[in-house]
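Novice: Let me begin by handing over the structure; questions about it come next.
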Amino acid sequence: MTDTLIASILLWAFVIIYSVAASIDFGAGFWSMVYLNHEKTKATNIANRYLSPSWEVTNVFVVLIVVALVTFFPGATYTLGTVLLIPGSIVLLLLLIRSAFMVFSHLVQKYNKLLSVVSGITGILIPALLICVLPITEGGFIARFQGVEQLLLTKLLTSPHVLSYIGLAITSTLFLSSLLLTDYSFVSKEREAFAIYRKDALIVGPVTLLMAVLTLQTMHLEADWLYRRLFAHAPLLLASGVCFFVSYIVLLLPQQRGRVIHLPRISVFFAILQYLLASYAYGAAHLPYIVYPEVTIESGFTHPSTFRALFVSYIVGFAILIPGFIYFWRMFMKDESYLRQKP
Amino acid sequence: MDDILIARSTFGLTMGFHIIFASLGVGLPLMILAAEILYQRTKDKDYELMAKRWTKGQAILLGVAIPSGTIAGVQLSLLWPGFMEIVGKVISLPFQIEIFAFFLEALFMSIYVYAADRLSPFMRIISVFLVLLGATASAVLITNVHAFEGTPTGFRITNGEVTDVDPWAAFFNPSFLVTAGHVTVSAYMTGAFMIATIAAFKMLRAKHLGREYLFHQKALLLGLILGGTFSLLTALNGHESAQYLHRYQPEKLAAAEGLFETQPYAPLAIGGITDPETKEVKYAIEIPWLLSFLAANRFDEVVVGLNDFPEEEWPPLFIHTLFNGMVGIGSLLVLVGFVGFAWKKLLKKETFPRWAMWIFVCGGPLALLGIEFGWVFACTGRQPWVIYHVMKTAEAATHSEGLGLFFILFLLVYLALAVITLLVFYSYFKRHPLRPLDGKEETVK
Ligand code: HDD
Ligand code: HEM
Ligand code: HEM
């Protein structure tokens, strides 16, 4: 395997981990806003209990992705940095507001409601903006004026392809998060919250699928090069679709406790697998382009000796950190006393 | 305003905002660790309570430190794409390793805050220690990039291409250790003095020698002792930093001191305003020979003046004032820390006089001001270079237009957040007043 390919795969892996973790995070914020006034059901509490320890760790992935991109592909920084200035700055402002308010709302209960609304709204806006990076890298939205690259904002905001991506981002966020919260409230034995989130997942699921199909159609119209390459990976796409149905059907089954692995966990697993497969196909089709058609992974790659040093530091770093992650997981995802605590 | 000036202002604004929360985020864990250890050793419940309350403070600060730091990181690429291209090829290791430091801090901070009641005393100390380690490491590593900008090593530029890259040589660039040391100890001293500030302020309000008064007095002493110690280290290490400037960035030192003529037995100018027309520092107190001595520990050392450099490569001359401000604050706080300590421990006085308490109240904000002065001095003093004698700031800047709007937006959001943070501090600690007698405190849910 070439160095550039290793770097691409690592970067791809970070993006996927972040997209899944962040979807759940942002979605949880949204649900905690939606169920704010259901005092009885504890749905908001469940969402918040999941959110409090996790958002900080999730946020590090934003930084990780930017750093991995800049360090592996500095040649892409110039183009991406220039064209993403406006959408990027807006995302940054929203992230700043959201994260700050998240922490505050846990410390000062008086403002809980207002703060939940902030985190709910930004929880929808941020994924919608972030996803725009994909169509931008697919080409057609960058023009050169006097040798300087610029983003065609109006074209971006009126493109059906971009709009369907935005729809896909929002529905996936809601689907994944409601699914995970179904599982989480199941483990916490919160029956009502469980029923609510399960219902939400069942409603949003098919809409998500619809948006995915729609996005493929608009891609056919606006980024045909990618569409054609994507179908070279048709089996993967198909498998991804199958995973969705497995996940959905498992969720429909009657849910009881007491099996070795409970059903909502299986649903979550297949839903995530579905995203992994689909985005692997997407990533593979997108290569070697980072920004079509100007920047490729070869043209943007870092200096080879820097890459080797980076690679070593990744291995050493993760080897040291993995026990920390496991400890964290055991503290918050498995520890019964944390999950069942009274609000 | 031209676009580059807006970009510089936007970035400086972000950093100036981030550094407040970041420095306290490095300094506070040290205080929490000290309190935890003191509690385990003395079994004095007051220290346990201190650790708890400071942790709440740390959690609030982190809520702003992390997103503003994320902004700093992303803005580097958005505003200075040319710079980041070289960074990516040459000095990407510290950025990379810093991620692990962030993870370390984020993981154990969550564990320490949200799972405190389920941790053994030993694991609590370990967790805070790892938070401290993570925070310090992130400061050291990002400073590494800053040090590289001043003393770039480990690569060559031939025909506009970066070649012969040695990432570890870049990492261990000459000024790395001194600069990172300075940033670390100055953050520790700031955290400690901030604690002293709050404690002194509360003591002024509390009943004289009451239970609450004594509680805060313990915190005050801890803050003064650690703050004094670390400000001494900051000053010693700052002296070393200045000697590095003399060796590696002479025009920065010359501008910091307002020195125009290259000369041996150079005088040190304190205060005053540098006037580029008459080439002198107006209204300054001059101490003969001292600058030469500071620069190299000998009076006949030749210190290079600004006249030896083309005027378009001079740093802005107002950095003289920033440098003076930083050094002044440093010297003052060394004094404050030790006089406070001596008054209580050596002279065995029971309480401090009121006027002294007001000086302690000023300590924390002054230290923060020192940090702001220091950074703006270091970054602005590097102008017009973004990488010293390799790349000009103008070459690094983005070509996008319309930055002005974002400058204003960021300014507004930072202002709003600063106000909200203060309100949250106020309302949280107001609703959770100190109850040292029963030692019980509501925990966050
Ligand atoms: C509480 C904060 C504080 C205090 C009291 C001091 N410093 Fe400082 N100084 C910093 C906080 C700081 C800083 C914010 O951390 C800087 C900015 C960039 C850096 O590397 O550290 C800095 C930079 C900095 C530099 C520039 C390094 C460069 O440009 O690369 C020098 C020469 C000094 N300091 C020297 C001193 C001296 C002689 C002090 C005497 C007491 C002193 N500092 C006190
Ligand atoms: C956190 C404290 C910091 C503050 C308050 C600060 C302040 C500033 C200011 C005021 C400027 C604008 C300078 C001018 O144009 O006059 C600037 C520029 C800059 N700083 Fe810093 N800085 C900080 C830390 C850092 C660090 C750690 C790095 C290294 C990664 C860094 C890298 C830069 C770069 C790349 C620029 C832009 C190019 C330039 O103007 O030279 N800064 N900073
Ligand atoms: C150009 C300069 C800087 C950049 C790009 C930067 C970047 C960042 C980023 C991305 C974060 C968020 C980490 C997370 O998501 O957890 C952060 C947080 C933090 N930064 Fe900065 N930073 C800069 C300057 C500094 C300086 C000079 C210091 C030290 C005095 C510092 C100390 C911290 C600390 C203590 C945190 C707290 C959060 C954590 O470690 O997780 N930063 N910074």
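Please note that chains go A, B, ... in the order of the structure tokens, that every chain numbers its residues from 1, and that ligands are numbered from 1 in the order shown.
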Show me, as a ChimeraX atom specification, every residue of chain B with an atom at most 6 Å from chain A, counting only C-alpha atoms.

Specialist: /B:63-64,67,71,77-78,81,85,88-89,92,106,110,167,428

Novice: Please report, as a list in words, each residue of region 269-409 of chain B to which DSSP assigns strand (DSSP E) when run on this structure's backbone.

Specialist: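 Assigned to strand (DSSP E), within region 269-409 of chain B: Ala269, Ile270, Ile273, Thr274, Asp275, Glu280, Val281, Lys282, Ile285, Glu286, Ile287, Trp385, Val386, Ile387, Met391 and Lys392 of chain B.
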
Novice: Could the residues in this selection be written to a file with all heavy atoms, as a compact mmCIF listing (two decimals), in the first residue's frame?

Specialist:
```txt
# COMPACT_ATOMS: atom_id res chain seq x y z
N ALA B 269 16.16 50.52 28.47
CA ALA B 269 15.18 51.60 28.58
C ALA B 269 13.89 51.05 29.20
O ALA B 269 13.33 50.10 28.69
CB ALA B 269 14.87 52.18 27.20
N ILE B 270 13.48 51.69 30.30
CA ILE B 270 12.25 51.25 30.94
C ILE B 270 11.18 52.31 30.75
O ILE B 270 11.42 53.49 31.02
CB ILE B 270 12.48 51.00 32.44
CG1 ILE B 270 13.51 49.88 32.61
CG2 ILE B 270 11.17 50.64 33.13
CD1 ILE B 270 13.86 49.59 34.04
N ILE B 273 8.09 55.94 25.13
CA ILE B 273 7.50 55.63 23.83
C ILE B 273 8.60 55.68 22.79
O ILE B 273 9.37 56.65 22.74
CB ILE B 273 6.41 56.65 23.48
CG1 ILE B 273 5.31 56.64 24.55
CG2 ILE B 273 5.83 56.40 22.10
CD1 ILE B 273 4.46 57.88 24.55
N THR B 274 8.68 54.65 21.96
CA THR B 274 9.72 54.64 20.94
C THR B 274 9.31 55.55 19.79
O THR B 274 8.21 55.41 19.25
CB THR B 274 9.92 53.22 20.41
OG1 THR B 274 9.89 52.33 21.52
CG2 THR B 274 11.23 53.10 19.69
N ASP B 275 10.18 56.45 19.42
CA ASP B 275 9.87 57.38 18.34
C ASP B 275 10.76 57.06 17.14
O ASP B 275 11.97 57.25 17.20
CB ASP B 275 10.11 58.82 18.82
CG ASP B 275 9.70 59.82 17.75
OD1 ASP B 275 9.48 59.39 16.59
OD2 ASP B 275 9.60 61.01 18.07
N GLU B 280 14.74 57.40 19.19
CA GLU B 280 15.05 57.28 20.61
C GLU B 280 13.77 56.92 21.35
O GLU B 280 12.68 57.02 20.81
CB GLU B 280 15.59 58.59 21.15
CG GLU B 280 14.58 59.71 20.98
CD GLU B 280 15.08 61.04 21.55
OE1 GLU B 280 16.28 61.15 21.81
OE2 GLU B 280 14.24 61.92 21.73
N VAL B 281 13.96 56.49 22.59
CA VAL B 281 12.80 56.20 23.41
C VAL B 281 12.54 57.41 24.29
O VAL B 281 13.33 57.74 25.17
CB VAL B 281 13.02 54.95 24.28
CG1 VAL B 281 11.73 54.57 24.96
CG2 VAL B 281 13.53 53.81 23.44
N LYS B 282 11.42 58.08 24.01
CA LYS B 282 11.12 59.30 24.76
C LYS B 282 10.61 58.97 26.15
O LYS B 282 9.89 57.99 26.33
CB LYS B 282 10.03 60.08 24.02
CG LYS B 282 10.55 60.87 22.85
CD LYS B 282 9.42 61.74 22.33
CE LYS B 282 9.86 62.44 21.06
NZ LYS B 282 8.72 62.70 20.21
N ILE B 285 13.24 55.73 31.40
CA ILE B 285 14.33 55.70 32.38
C ILE B 285 15.40 54.79 31.79
O ILE B 285 15.12 53.64 31.46
CB ILE B 285 13.84 55.11 33.71
CG1 ILE B 285 12.63 55.87 34.20
CG2 ILE B 285 14.97 55.08 34.72
CD1 ILE B 285 11.90 55.17 35.34
N GLU B 286 16.62 55.31 31.63
CA GLU B 286 17.66 54.47 31.06
C GLU B 286 18.60 53.97 32.13
O GLU B 286 19.09 54.74 32.95
CB GLU B 286 18.44 55.27 30.01
CG GLU B 286 17.68 55.41 28.72
CD GLU B 286 18.61 55.53 27.52
OE1 GLU B 286 19.85 55.61 27.73
OE2 GLU B 286 18.10 55.55 26.39
N ILE B 287 18.87 52.69 32.14
CA ILE B 287 19.86 52.14 33.06
C ILE B 287 21.06 51.69 32.23
O ILE B 287 20.94 50.78 31.42
CB ILE B 287 19.29 50.95 33.84
CG1 ILE B 287 18.00 51.40 34.54
CG2 ILE B 287 20.31 50.42 34.83
CD1 ILE B 287 17.31 50.31 35.28
N TRP B 385 7.28 38.90 9.47
CA TRP B 385 7.45 37.49 9.13
C TRP B 385 6.40 36.64 9.82
O TRP B 385 6.10 36.87 10.98
CB TRP B 385 8.82 36.98 9.56
CG TRP B 385 9.94 37.77 9.00
CD1 TRP B 385 10.67 38.73 9.64
CD2 TRP B 385 10.44 37.71 7.67
NE1 TRP B 385 11.61 39.26 8.81
CE2 TRP B 385 11.48 38.65 7.58
CE3 TRP B 385 10.12 36.96 6.55
CZ2 TRP B 385 12.21 38.86 6.41
CZ3 TRP B 385 10.85 37.16 5.40
CH2 TRP B 385 11.87 38.11 5.33
N VAL B 386 5.90 35.64 9.14
CA VAL B 386 5.11 34.64 9.84
C VAL B 386 6.04 33.48 10.21
O VAL B 386 5.95 32.91 11.29
CB VAL B 386 3.88 34.17 9.03
CG1 VAL B 386 4.27 33.54 7.72
CG2 VAL B 386 3.04 33.21 9.83
N ILE B 387 7.00 33.17 9.31
CA ILE B 387 8.10 32.27 9.67
C ILE B 387 9.37 33.08 9.45
O ILE B 387 9.65 33.52 8.34
CB ILE B 387 8.12 31.01 8.79
CG1 ILE B 387 6.79 30.27 8.92
CG2 ILE B 387 9.27 30.10 9.20
CD1 ILE B 387 6.71 29.03 8.06
N MET B 391 9.09 33.20 5.46
CA MET B 391 7.83 33.54 4.81
C MET B 391 7.23 34.78 5.44
O MET B 391 7.15 34.89 6.66
CB MET B 391 6.85 32.37 4.93
CG MET B 391 5.52 32.63 4.26
SD MET B 391 4.37 31.29 4.53
CE MET B 391 4.43 30.48 2.95
N LYS B 392 6.80 35.71 4.58
CA LYS B 392 6.17 36.92 5.09
C LYS B 392 4.69 36.65 5.38
O LYS B 392 4.07 35.81 4.72
CB LYS B 392 6.28 38.04 4.06
CG LYS B 392 7.69 38.57 3.91
CD LYS B 392 7.70 40.08 4.11
CE LYS B 392 9.11 40.61 4.34
NZ LYS B 392 9.77 41.08 3.14
```

Novice: Within 7 Å of ligand 2, which residues of chain B come that close, and what is the closest atom pair and distance in Å for each? Count only C-alpha atoms and all ligand atoms and give it as CSV.

Specialist:
```
residue,atom,partner,partner_atom_place_in_ligand_line,distance
B:Leu5,CA,ligand 2,15 (O),6.9
B:Arg8,CA,ligand 2,15 (O),4.6
B:Ser9,CA,ligand 2,12 (C),6.0
B:Phe11,CA,ligand 2,17 (C),6.0
B:Gly12,CA,ligand 2,9 (C),3.6
B:Leu13,CA,ligand 2,10 (C),6.7
B:Met15,CA,ligand 2,4 (C),4.4
B:Gly16,CA,ligand 2,5 (C),3.8
B:His18,CA,ligand 2,1 (C),6.2
B:Ile19,CA,ligand 2,1 (C),4.4
B:Leu76,CA,ligand 2,35 (C),6.6
B:Trp80,CA,ligand 2,37 (C),6.7
B:Phe83,CA,ligand 2,35 (C),6.7
B:Ile142,CA,ligand 2,27 (C),5.0
B:Thr143,CA,ligand 2,27 (C),4.7
B:Val145,CA,ligand 2,30 (C),4.7
B:His146,CA,ligand 2,29 (C),3.7
B:Glu372,CA,ligand 2,5 (C),5.5
B:Trp375,CA,ligand 2,4 (C),4.5
B:Val376,CA,ligand 2,10 (C),4.6
B:Cys379,CA,ligand 2,43 (N),4.7
B:Thr380,CA,ligand 2,16 (O),3.8
B:Arg382,CA,ligand 2,41 (O),6.4
B:Gln383,CA,ligand 2,41 (O),5.7
B:Pro384,CA,ligand 2,41 (O),6.8
B:Trp385,CA,ligand 2,41 (O),5.7
B:Val386,CA,ligand 2,41 (O),3.8
B:Thr393,CA,ligand 2,38 (C),5.1
```

Novice: Just how far from CA of Leu222 (chain B) is atom 20 (N, counted along the ligand's line) of ligand 3, in Å to one decimal?

Specialist: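 CA of Leu222 (chain B) lies 24.7 Å from atom 20 (N, counted along the ligand's line) of ligand 3.
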
Novice: Mind the document's chain letters and residue numbers, and return as a ChimeraX atom specification the residues of region 136-335 of chain A that DSSP labels helix (DSSP H, G or I).

Specialist: /A:136-137,153-158,160-187,191-222,224-252,263-286,304-334

Novice: Counting only C-alpha atoms and all ligand atoms, which residues in chain B sit no more than 8 Å from ligand 1? For each one, give the nearest pair of atoms and the distance in Å, sorted by chain then residue number, as CSV.

Specialist:
```
residue,atom,partner,partner_atom_place_in_ligand_line,distance
B:Thr143,CA,ligand 1,20 (O),6.6
B:His146,CA,ligand 1,20 (O),7.3
B:Ala147,CA,ligand 1,30 (O),6.3
B:Gly150,CA,ligand 1,30 (O),6.3
B:Ser175,CA,ligand 1,30 (O),7.4
B:Thr179,CA,ligand 1,20 (O),4.5
B:Ala180,CA,ligand 1,20 (O),6.4
B:His182,CA,ligand 1,21 (O),5.5
B:Val183,CA,ligand 1,15 (O),3.9
B:Thr184,CA,ligand 1,15 (O),7.3
B:Ser186,CA,ligand 1,1 (C),4.6
B:Ala187,CA,ligand 1,1 (C),6.6
B:Met189,CA,ligand 1,1 (C),6.6
B:Thr190,CA,ligand 1,1 (C),5.8
B:Ser231,CA,ligand 1,5 (C),6.2
B:Leu232,CA,ligand 1,41 (C),7.7
B:Thr234,CA,ligand 1,44 (C),5.7
B:Ala235,CA,ligand 1,41 (C),3.7
B:Leu236,CA,ligand 1,40 (C),7.0
B:Asn237,CA,ligand 1,37 (C),7.1
B:Gly238,CA,ligand 1,36 (C),3.4
B:His239,CA,ligand 1,38 (C),4.2
B:Glu240,CA,ligand 1,38 (C),7.4
B:Ser241,CA,ligand 1,32 (C),4.4
B:Ala242,CA,ligand 1,32 (C),3.6
B:Gln243,CA,ligand 1,32 (C),7.3
B:Tyr244,CA,ligand 1,32 (C),7.5
B:Leu245,CA,ligand 1,32 (C),6.4
B:Lys252,CA,ligand 1,29 (O),7.3
B:Leu253,CA,ligand 1,32 (C),7.5
B:Phe323,CA,ligand 1,33 (C),7.3
B:Met326,CA,ligand 1,6 (C),5.1
B:Val327,CA,ligand 1,40 (C),4.0
B:Gly328,CA,ligand 1,41 (C),6.6
B:Ile329,CA,ligand 1,5 (C),5.4
B:Gly330,CA,ligand 1,5 (C),3.3
B:Ser331,CA,ligand 1,41 (C),5.0
B:Leu333,CA,ligand 1,5 (C),7.3
B:Leu366,CA,ligand 1,1 (C),7.6
B:Ala367,CA,ligand 1,1 (C),4.2
B:Leu368,CA,ligand 1,1 (C),5.9
B:Leu369,CA,ligand 1,1 (C),7.1
B:Gly370,CA,ligand 1,2 (C),4.1
B:Ile371,CA,ligand 1,14 (C),3.7
B:Glu372,CA,ligand 1,14 (C),5.9
B:Phe373,CA,ligand 1,14 (C),6.6
B:Gly374,CA,ligand 1,14 (C),3.8
B:Trp375,CA,ligand 1,17 (C),3.6
B:Val376,CA,ligand 1,17 (C),7.0
B:Phe377,CA,ligand 1,29 (O),6.7
B:Ala378,CA,ligand 1,29 (O),3.8
B:Cys379,CA,ligand 1,29 (O),6.9
B:Gly381,CA,ligand 1,29 (O),6.9
B:Arg382,CA,ligand 1,29 (O),7.3
```

Novice: Could you list, as a ChimeraX atom specification, every residue within 12 Å of region 262-272 of chain A, counting only C-alpha atoms and ignoring same-chain residues fewer than 4 positions away?

Specialist: /A:16-17,19-21,23-24,172-173,175-187,194-195,197-198,201-202,205,208-209,239-258,276-279

Novice: Excluding same-chain residues fewer than 5 positions from Leu220 (chain B), what lies within 9 Å of it counting only C-alpha atoms, as a PyMOL selection string?

Specialist: chain B and resi 192-193+195-200+215+225+360

Novice: Okay, now the selection with N, CA, C and O atoms, as a compact mmCIF listing (two decimals), in the first residue's frame?

Specialist:
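Listed below is the output, result00.txt:
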```txt
# COMPACT_ATOMS: atom_id res chain seq x y z
N ALA B 192 -2.57 30.06 39.78
CA ALA B 192 -2.40 30.22 41.22
C ALA B 192 -2.83 31.61 41.67
O ALA B 192 -3.57 31.76 42.65
N PHE B 193 -2.42 32.64 40.95
CA PHE B 193 -2.80 33.99 41.36
C PHE B 193 -4.30 34.24 41.19
O PHE B 193 -4.89 35.02 41.92
N ILE B 195 -6.60 32.03 41.79
CA ILE B 195 -7.19 31.48 43.02
C ILE B 195 -6.99 32.46 44.17
O ILE B 195 -7.91 32.75 44.94
N ALA B 196 -5.78 33.02 44.26
CA ALA B 196 -5.51 33.98 45.32
C ALA B 196 -6.44 35.18 45.20
O ALA B 196 -6.96 35.69 46.20
N THR B 197 -6.67 35.63 43.96
CA THR B 197 -7.55 36.77 43.74
C THR B 197 -8.94 36.50 44.32
O THR B 197 -9.48 37.32 45.09
N ILE B 198 -9.49 35.35 43.96
CA ILE B 198 -10.86 35.06 44.40
C ILE B 198 -10.89 34.91 45.92
O ILE B 198 -11.77 35.45 46.59
N ALA B 199 -9.90 34.19 46.47
CA ALA B 199 -9.88 33.98 47.90
C ALA B 199 -9.79 35.31 48.64
O ALA B 199 -10.53 35.56 49.59
N ALA B 200 -8.89 36.18 48.18
CA ALA B 200 -8.73 37.47 48.86
C ALA B 200 -10.01 38.28 48.79
O ALA B 200 -10.44 38.90 49.77
N PHE B 215 -11.35 29.44 55.74
CA PHE B 215 -11.33 28.59 54.55
C PHE B 215 -10.61 29.29 53.40
O PHE B 215 -9.69 28.76 52.78
N ILE B 225 1.74 30.92 47.58
CA ILE B 225 2.99 30.15 47.60
C ILE B 225 3.29 29.60 46.20
O ILE B 225 4.38 29.82 45.65
N PHE B 360 -3.61 41.52 46.54
CA PHE B 360 -3.80 40.13 46.14
C PHE B 360 -4.96 40.01 45.15
O PHE B 360 -4.91 39.20 44.22
```

Novice: Determine, counting only C-alpha atoms, which protein, DNA and RNA residues have an atom within 10 Å of an atom of Tyr213 (chain B); residues of the same chain fewer than 3 positions away are not included. Present the result as a list in words.

Specialist: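 That gives Ala199, Ala200, Lys202, Met203, Leu204, Arg205, Ala206, Lys207, His208, Leu209, Gly210, His216, Gln217 and Lys218 of chain B.
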
Novice: Could you name the residues that touch region 152-164 of chain A at 9 Å or less, counting only C-alpha atoms, but leaving out those on the same chain fewer than 3 positions away, as an mmCIF file with N, CA, C and O atoms, in the first residue's frame?

Specialist:
```
data_model
loop_
_atom_site.group_PDB
_atom_site.id
_atom_site.type_symbol
_atom_site.label_atom_id
_atom_site.label_comp_id
_atom_site.auth_asym_id
_atom_site.auth_seq_id
_atom_site.Cartn_x
_atom_site.Cartn_y
_atom_site.Cartn_z
ATOM 1 N N VAL A 83 -11.689 28.154 0.047
ATOM 2 C CA VAL A 83 -13.105 28.091 -0.335
ATOM 3 C C VAL A 83 -14.002 27.800 0.866
ATOM 4 O O VAL A 83 -15.184 28.132 0.844
ATOM 5 N N ILE A 131 -22.085 19.168 5.912
ATOM 6 C CA ILE A 131 -22.211 18.251 4.781
ATOM 7 C C ILE A 131 -21.885 18.948 3.469
ATOM 8 O O ILE A 131 -21.476 18.308 2.503
ATOM 9 N N CYS A 132 -22.021 20.280 3.432
ATOM 10 C CA CYS A 132 -21.757 21.007 2.181
ATOM 11 C C CYS A 132 -20.324 20.806 1.699
ATOM 12 O O CYS A 132 -20.025 21.039 0.524
ATOM 13 N N LEU A 134 -18.954 18.057 1.177
ATOM 14 C CA LEU A 134 -18.955 16.980 0.175
ATOM 15 C C LEU A 134 -19.245 17.493 -1.230
ATOM 16 O O LEU A 134 -18.414 17.319 -2.126
ATOM 17 N N PRO A 135 -20.406 18.136 -1.469
ATOM 18 C CA PRO A 135 -20.624 18.614 -2.836
ATOM 19 C C PRO A 135 -19.550 19.592 -3.298
ATOM 20 O O PRO A 135 -19.201 19.606 -4.482
ATOM 21 N N ILE A 136 -18.985 20.378 -2.376
ATOM 22 C CA ILE A 136 -17.937 21.315 -2.792
ATOM 23 C C ILE A 136 -16.751 20.542 -3.352
ATOM 24 O O ILE A 136 -16.193 20.900 -4.391
ATOM 25 N N GLY A 140 -17.389 21.924 -9.353
ATOM 26 C CA GLY A 140 -18.451 22.739 -9.905
ATOM 27 C C GLY A 140 -18.794 23.972 -9.089
ATOM 28 O O GLY A 140 -19.503 24.846 -9.558
ATOM 29 N N PHE A 141 -18.299 24.053 -7.866
ATOM 30 C CA PHE A 141 -18.660 25.210 -7.046
ATOM 31 C C PHE A 141 -17.483 26.141 -6.788
ATOM 32 O O PHE A 141 -17.570 27.038 -5.969
ATOM 33 N N ILE A 142 -16.341 25.866 -7.453
ATOM 34 C CA ILE A 142 -15.177 26.722 -7.250
ATOM 35 C C ILE A 142 -14.823 27.379 -8.570
ATOM 36 O O ILE A 142 -14.783 26.716 -9.606
ATOM 37 N N ALA A 143 -14.632 28.684 -8.518
ATOM 38 C CA ALA A 143 -14.216 29.368 -9.740
ATOM 39 C C ALA A 143 -12.956 30.164 -9.448
ATOM 40 O O ALA A 143 -12.636 30.429 -8.292
ATOM 41 N N GLY A 167 -30.624 17.655 3.292
ATOM 42 C CA GLY A 167 -31.710 16.830 3.801
ATOM 43 C C GLY A 167 -31.196 15.510 4.345
ATOM 44 O O GLY A 167 -31.592 15.066 5.429
ATOM 45 N N LEU A 168 -30.282 14.912 3.611
ATOM 46 C CA LEU A 168 -29.718 13.630 4.044
ATOM 47 C C LEU A 168 -29.000 13.787 5.380
ATOM 48 O O LEU A 168 -29.157 12.954 6.287
ATOM 49 N N ALA A 169 -28.238 14.873 5.516
ATOM 50 C CA ALA A 169 -27.484 15.073 6.752
ATOM 51 C C ALA A 169 -28.433 15.187 7.938
ATOM 52 O O ALA A 169 -28.233 14.562 8.977
ATOM 53 N N MET A 211 -34.008 10.151 1.269
ATOM 54 C CA MET A 211 -33.059 11.232 1.001
ATOM 55 C C MET A 211 -31.794 10.682 0.349
ATOM 56 O O MET A 211 -31.212 11.314 -0.536
ATOM 57 N N ALA A 212 -31.376 9.487 0.781
ATOM 58 C CA ALA A 212 -30.168 8.908 0.199
ATOM 59 C C ALA A 212 -30.372 8.639 -1.281
ATOM 60 O O ALA A 212 -29.521 8.956 -2.121
ATOM 61 N N LEU A 214 -32.531 10.089 -3.238
ATOM 62 C CA LEU A 214 -32.652 11.388 -3.907
ATOM 63 C C LEU A 214 -31.266 11.983 -4.166
ATOM 64 O O LEU A 214 -30.990 12.523 -5.244
ATOM 65 N N THR A 215 -30.403 11.878 -3.176
ATOM 66 C CA THR A 215 -29.058 12.426 -3.338
ATOM 67 C C THR A 215 -28.318 11.741 -4.477
ATOM 68 O O THR A 215 -27.608 12.392 -5.256
ATOM 69 N N LEU A 216 -28.504 10.435 -4.589
ATOM 70 C CA LEU A 216 -27.871 9.734 -5.709
ATOM 71 C C LEU A 216 -28.380 10.286 -7.032
ATOM 72 O O LEU A 216 -27.612 10.476 -7.982
ATOM 73 N N GLN A 217 -29.662 10.553 -7.105
ATOM 74 C CA GLN A 217 -30.232 11.085 -8.345
ATOM 75 C C GLN A 217 -29.657 12.442 -8.691
ATOM 76 O O GLN A 217 -29.279 12.711 -9.834
ATOM 77 N N THR A 218 -29.595 13.325 -7.699
ATOM 78 C CA THR A 218 -29.072 14.663 -8.007
ATOM 79 C C THR A 218 -27.585 14.584 -8.341
ATOM 80 O O THR A 218 -27.078 15.371 -9.139
ATOM 81 N N MET A 219 -26.887 13.605 -7.734
ATOM 82 C CA MET A 219 -25.476 13.430 -8.067
ATOM 83 C C MET A 219 -25.329 13.069 -9.543
ATOM 84 O O MET A 219 -24.432 13.557 -10.242
ATOM 85 N N LEU A 221 -27.086 14.080 -11.874
ATOM 86 C CA LEU A 221 -27.236 15.295 -12.666
ATOM 87 C C LEU A 221 -26.051 16.243 -12.512
ATOM 88 O O LEU A 221 -25.609 16.865 -13.457
ATOM 89 N N GLU A 222 -25.521 16.360 -11.297
ATOM 90 C CA GLU A 222 -24.559 17.439 -11.060
ATOM 91 C C GLU A 222 -23.113 16.977 -10.934
ATOM 92 O O GLU A 222 -22.205 17.778 -11.114
ATOM 93 N N ALA A 223 -22.896 15.738 -10.533
ATOM 94 C CA ALA A 223 -21.513 15.259 -10.419
ATOM 95 C C ALA A 223 -21.453 13.860 -11.006
ATOM 96 O O ALA A 223 -21.180 12.881 -10.307
#
```

Novice: Which distance in Å separates CA of Leu238 (chain A) and CA of Asp200 (chain A), to one decimal?

Specialist: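 We find that CA of Leu238 (chain A) and CA of Asp200 (chain A) lie 24.9 Å from each other.
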
Novice: Pick out the residues sitting within 9 Å of Val117 (chain A), and hand them over as a list in words; count only C-alpha atoms, and ignore anything fewer than 2 positions along from it in its own chain.

Specialist: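 The residues that qualify are Gly29, Phe30, Ser32, Met33, Val34, Leu36, Asn112, Lys113, Leu114, Leu115, Ser119, Gly120, Ile121 and Thr122 of chain A.
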
Novice: In terms of the shortest atom-to-atom distance over only C-alpha atoms and all ligand atoms, which of B:Thr229, B:Thr158, B:Thr14, B:Thr278 is closest to ligand 3?

Specialist: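 Closest candidate: B:Thr14.
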
Novice: For a test of reading the model, state the distance in Å between CA of Leu24 (chain B) and CA of Tyr188 (chain B), rounded to one decimal.

Specialist: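 According to the coordinates, CA of Leu24 (chain B) and CA of Tyr188 (chain B) are separated by 8.0 Å.
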
Novice: Which residue is closest to Gly283 (chain A)? Choose from A:His233, A:Arg330, A:Gly27, A:Leu129 and count only C-alpha atoms.

Specialist: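 When distances to Gly283 (chain A) are compared using only C-alpha atoms, the smallest one comes from A:His233.
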